[in-house]
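> What follows is a structure written as structure tokens; I'll ask about it next.
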Amino acid sequence: MTTFQNITSPVIFLLTGVPGLEAFHTWISIPFCLLYATAVSGNSLILFVIITQPSLHEPMYYFLSMLSTTDLGLSISTLATMLGIFWFNVREISFNACLSQMFFIQLFTVMESSVLLAMAFDRFVAISNPLRYFSVLTDIKIAQIGIAIITRGILIQIPLVILLKRLSFCGSHVLHHSYCFHPDVIKLSCTDTKINSAVGLTALISTAGMDSIFIVLSYVLIIRTVLSIASPEERKKAFSTCISHIGAVAVFYIPLISLSFVHRFGKRAPPYVHTLIANAYLLLPPVMNPIIYSVKTKQIHMAVLKVIHSSKTKM
């Protein structure tokens, strides 16, 4: 008789590192450790700089601090399971722990998408109506946007969690990633998961899908505004303020869209393709965003150098 383990006994899933390279997990952990260290230290530094430097207490940098916070959350959500597999071969994870990890990964993913949309609106207001920039994006408005971003993320996750709790799991409990990913988990269920897939796809389209459309529309309006500026120098200066944000959008949406397509349409793809894209989806934005903003945003670059120089003089 088939055993439905979420009813008769606790469900234990088995996470997967890099398929076929289990003997080299210790060595593979080295670049992953470096990436995690870069993500955590880079985003912590950005947050510290924005909090401590009064010159950065402006709407653009408040949104950047939100982005760094979500990137920190995304990194920390997978740190324990990923390094646990590579260092100690700890593959087991309970259903409730898996559900919690999945909740936070998807929460921070939705929040990051929302923050990128808010940053696109910030750039649109700054370029199209610079005289009203600070009157439109007041501290209260930014706080309200932040609360709305968190609320939206939580509300999107509640139906997914409720629907997952009703599933039964039998047969294989081996997941294909080093963390719990919603489409990966529902594939292991031995009950009907059509509604789970439909709600998951709806959540993806209504968040990252809609956000990406509004971001593109924002840039259409920004480009139209920039092209209406008479001076070539002013046009270049206006558009240069968007370069960092465009980079952040690219490093977030390209791996996310790639992972979604591979899970739904890439069943014949080699296992390492799934692993590579899945890890890029979680690690690329937290690693690259601090680098992009530190290099491309002059104010952040100067503030980081100031903090580093100040810490050296105190030593």
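Scheme for the structure tokens: letters A, B, ... for chains in order shown; per-chain residue numbers from 1; ligand numbers from 1 in order shown.
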If you take only C-alpha atoms and a cut-off of 10 Å, which residues of stretch 50-138 of chain A touch stretch 271-282 of chain A, and what are their nearest atom pairs and distances in Å to one decimal, in chain and number order, as CSV?

residue,atom,partner,partner_atom,distance
A:Asp71,CA,A:Leu282,CA,8.9
A:Leu74,CA,A:Leu282,CA,6.8
A:Ser75,CA,A:Leu282,CA,7.0
A:Ser77,CA,A:Leu282,CA,9.6
A:Thr78,CA,A:Leu282,CA,8.3
A:Met82,CA,A:Asn279,CA,9.6
A:Ile105,CA,A:Leu282,CA,8.6
A:Thr109,CA,A:Leu282,CA,8.8
> Identify, on the basis of only C-alpha atoms, every residue whose closest approach to A:Leu34 does not exceed 12 Å; exclude the query and any residue fewer than 6 positions from it along the same chain; express the result as a VMD selection string.
chain A and resid 27 to 28 40 to 42 79 83 283 287
> What does the distance from atom CA of A:Thr70 to atom CA of A:Lys298 come to in Å, to one decimal?
22.5 Å
> Show which residues sit within 12 Å of A:Ala97, as a VMD selection string. Count only C-alpha atoms, and ignore same-chain residues fewer than 2 positions away.
chain A and resid 10 to 13 77 to 78 80 to 81 92 to 95 99 to 104 179 to 180
> Mind checking DSSP for stretch 89-315 of chain A and telling me the helix (DSSP H, G or I) residues as a ChimeraX atom specification?
/A:95-128,130-136,139-165,182-186,194-227,232-240,243-265,271-296,298-314
> From the set A:Glu22, A:Ile223, A:Asp139, A:Phe108, which residue has the shortest atom-to-atom contact distance to A:Lys236, counting only C-alpha atoms?
A:Ile223
> Please determine, counting only C-alpha atoms, which residue among A:Phe252, A:Phe86, A:Phe169, A:Phe181 has the shortest atom-to-atom distance to A:Leu117.
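For A:Leu117, the nearest of the given residues is A:Phe252.
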> Just the residues within 12 Å of A:Ser260, please, counting only C-alpha atoms, with nothing from its chain fewer than 3 positions along; format it as a list in words.
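Using only C-alpha atoms, the neighbours found are Phe181, His182, Pro183, Asp184, Ser197, Gly200, Leu201, Leu204, Ile205, Ala208, Gly209, Tyr253, Ile254, Pro255, Leu256, Ile257, His263, Arg264, Phe265, Gly266, Lys267, His274, Ile277, Ala278 and Tyr281 of chain A.
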> May I have the residues within 9 Å of stretch 147-156 of chain A as JSON, numbers by chain, using only C-alpha atoms and disregarding those fewer than 6 positions away in the same chain?
{"A": [103, 106, 107, 108, 109, 110, 111, 112, 114, 115, 203, 207]}
> Output N, CA, C and O atoms for every residue in the selection just made, as an mmCIF file, in the first residue's frame.

data_model
loop_
_atom_site.group_PDB
_atom_site.id
_atom_site.type_symbol
_atom_site.label_atom_id
_atom_site.label_comp_id
_atom_site.auth_asym_id
_atom_site.auth_seq_id
_atom_site.Cartn_x
_atom_site.Cartn_y
_atom_site.Cartn_z
ATOM 1 N N PHE A 103 9.014 29.803 1.506
ATOM 2 C CA PHE A 103 8.257 31.026 1.773
ATOM 3 C C PHE A 103 9.172 32.243 1.714
ATOM 4 O O PHE A 103 8.863 33.237 1.055
ATOM 5 N N GLN A 106 10.680 32.986 -1.862
ATOM 6 C CA GLN A 106 9.705 33.597 -2.765
ATOM 7 C C GLN A 106 9.274 34.976 -2.262
ATOM 8 O O GLN A 106 9.007 35.872 -3.067
ATOM 9 N N LEU A 107 9.224 35.156 -0.941
ATOM 10 C CA LEU A 107 8.892 36.469 -0.377
ATOM 11 C C LEU A 107 9.927 37.503 -0.804
ATOM 12 O O LEU A 107 9.570 38.578 -1.316
ATOM 13 N N PHE A 108 11.203 37.188 -0.627
ATOM 14 C CA PHE A 108 12.254 38.142 -0.994
ATOM 15 C C PHE A 108 12.361 38.321 -2.508
ATOM 16 O O PHE A 108 12.742 39.398 -2.972
ATOM 17 N N THR A 109 11.998 37.293 -3.267
ATOM 18 C CA THR A 109 11.988 37.426 -4.727
ATOM 19 C C THR A 109 10.915 38.413 -5.169
ATOM 20 O O THR A 109 11.173 39.300 -5.997
ATOM 21 N N VAL A 110 9.712 38.273 -4.608
ATOM 22 C CA VAL A 110 8.617 39.198 -4.922
ATOM 23 C C VAL A 110 8.964 40.606 -4.454
ATOM 24 O O VAL A 110 8.725 41.596 -5.160
ATOM 25 N N MET A 111 9.552 40.715 -3.270
ATOM 26 C CA MET A 111 9.939 42.025 -2.748
ATOM 27 C C MET A 111 10.991 42.682 -3.636
ATOM 28 O O MET A 111 10.923 43.887 -3.901
ATOM 29 N N GLU A 112 11.956 41.905 -4.119
ATOM 30 C CA GLU A 112 13.000 42.476 -4.977
ATOM 31 C C GLU A 112 12.410 42.990 -6.286
ATOM 32 O O GLU A 112 12.765 44.070 -6.761
ATOM 33 N N SER A 114 9.380 44.040 -6.678
ATOM 34 C CA SER A 114 8.613 45.240 -6.329
ATOM 35 C C SER A 114 9.528 46.445 -6.121
ATOM 36 O O SER A 114 9.206 47.560 -6.538
ATOM 37 N N VAL A 115 10.670 46.209 -5.459
ATOM 38 C CA VAL A 115 11.625 47.297 -5.226
ATOM 39 C C VAL A 115 12.179 47.814 -6.555
ATOM 40 O O VAL A 115 12.322 49.033 -6.748
ATOM 41 N N ALA A 203 0.879 33.688 -9.580
ATOM 42 C CA ALA A 203 1.674 34.523 -8.676
ATOM 43 C C ALA A 203 2.893 35.092 -9.400
ATOM 44 O O ALA A 203 3.229 36.271 -9.239
ATOM 45 N N THR A 207 3.319 39.184 -10.322
ATOM 46 C CA THR A 207 4.389 39.914 -9.619
ATOM 47 C C THR A 207 5.511 40.250 -10.598
ATOM 48 O O THR A 207 5.528 41.338 -11.171
#
> In terms of the shortest atom-to-atom distance over only C-alpha atoms, which of A:Gln299, A:Asn129, A:Asn289, A:Thr202 is closest to A:Pro54?
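Ranking A:Gln299, A:Asn129, A:Asn289, A:Thr202 by distance to A:Pro54, first place goes to A:Gln299.
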> Hey, what's within 6 Å of A:Pro290 if we count only C-alpha atoms and toss same-chain stuff fewer than 2 positions away? As a PDB file with N, CA, C and O atoms, in the first residue's frame, please?

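Result file follows (out_17.pdb):
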ATOM      1  N   GLY A  42      28.932  42.891   0.790  1.00  0.00           N
ATOM      2  CA  GLY A  42      28.626  43.989  -0.133  1.00  0.00           C
ATOM      3  C   GLY A  42      27.324  44.690   0.204  1.00  0.00           C
ATOM      4  O   GLY A  42      27.278  45.933   0.281  1.00  0.00           O
ATOM      5  N   ASN A  43      26.277  43.921   0.436  1.00  0.00           N
ATOM      6  CA  ASN A  43      24.982  44.522   0.763  1.00  0.00           C
ATOM      7  C   ASN A  43      24.971  45.139   2.154  1.00  0.00           C
ATOM      8  O   ASN A  43      24.317  46.166   2.376  1.00  0.00           O
ATOM      9  N   MET A 288      25.940  40.875  -7.531  1.00  0.00           N
ATOM     10  CA  MET A 288      26.203  41.900  -8.539  1.00  0.00           C
ATOM     11  C   MET A 288      25.662  43.278  -8.171  1.00  0.00           C
ATOM     12  O   MET A 288      26.266  44.293  -8.532  1.00  0.00           O
ATOM     13  N   ILE A 292      27.531  46.743  -8.932  1.00  0.00           N
ATOM     14  CA  ILE A 292      26.994  47.652  -9.961  1.00  0.00           C
ATOM     15  C   ILE A 292      26.812  49.057  -9.388  1.00  0.00           C
ATOM     16  O   ILE A 292      27.259  50.050  -9.978  1.00  0.00           O
ATOM     17  N   TYR A 293      26.182  49.151  -8.210  1.00  0.00           N
ATOM     18  CA  TYR A 293      25.895  50.472  -7.638  1.00  0.00           C
ATOM     19  C   TYR A 293      27.155  51.144  -7.100  1.00  0.00           C
ATOM     20  O   TYR A 293      27.258  52.372  -7.128  1.00  0.00           O
ATOM     21  N   SER A 294      28.115  50.360  -6.608  1.00  0.00           N
ATOM     22  CA  SER A 294      29.361  50.950  -6.111  1.00  0.00           C
ATOM     23  C   SER A 294      30.215  51.500  -7.245  1.00  0.00           C
ATOM     24  O   SER A 294      30.913  52.499  -7.082  1.00  0.00           O
TER      25      SER A 294
END
> Out of A:Ile85, A:Leu217, A:Val125, A:Val249, which residue has the shortest atom-to-atom distance to A:Ala23 when counting only C-alpha atoms?
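Ranked by minimum distance to A:Ala23, first place goes to A:Ile85.
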> So which one's closest to A:Ala250, A:Ile229, A:Leu284, A:Ala39, A:Asn196? Using only C-alpha atoms, please.
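Checking each candidate against A:Ala250, we get A:Leu284 as the closest.
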> Calculate how many Å separate atom CA of A:Ile76 from atom CA of A:Thr16, rounding to one decimal.
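A separation of 18.2 Å between them.
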> Report as number ranges by chain all protein, DNA and RNA residues lying within 10 Å of A:Ile291, evaluated on only C-alpha atoms, omitting residues in the same chain fewer than 5 positions from it.
A: 38-39, 42-43, 46, 244, 285-286, 296-297, 301
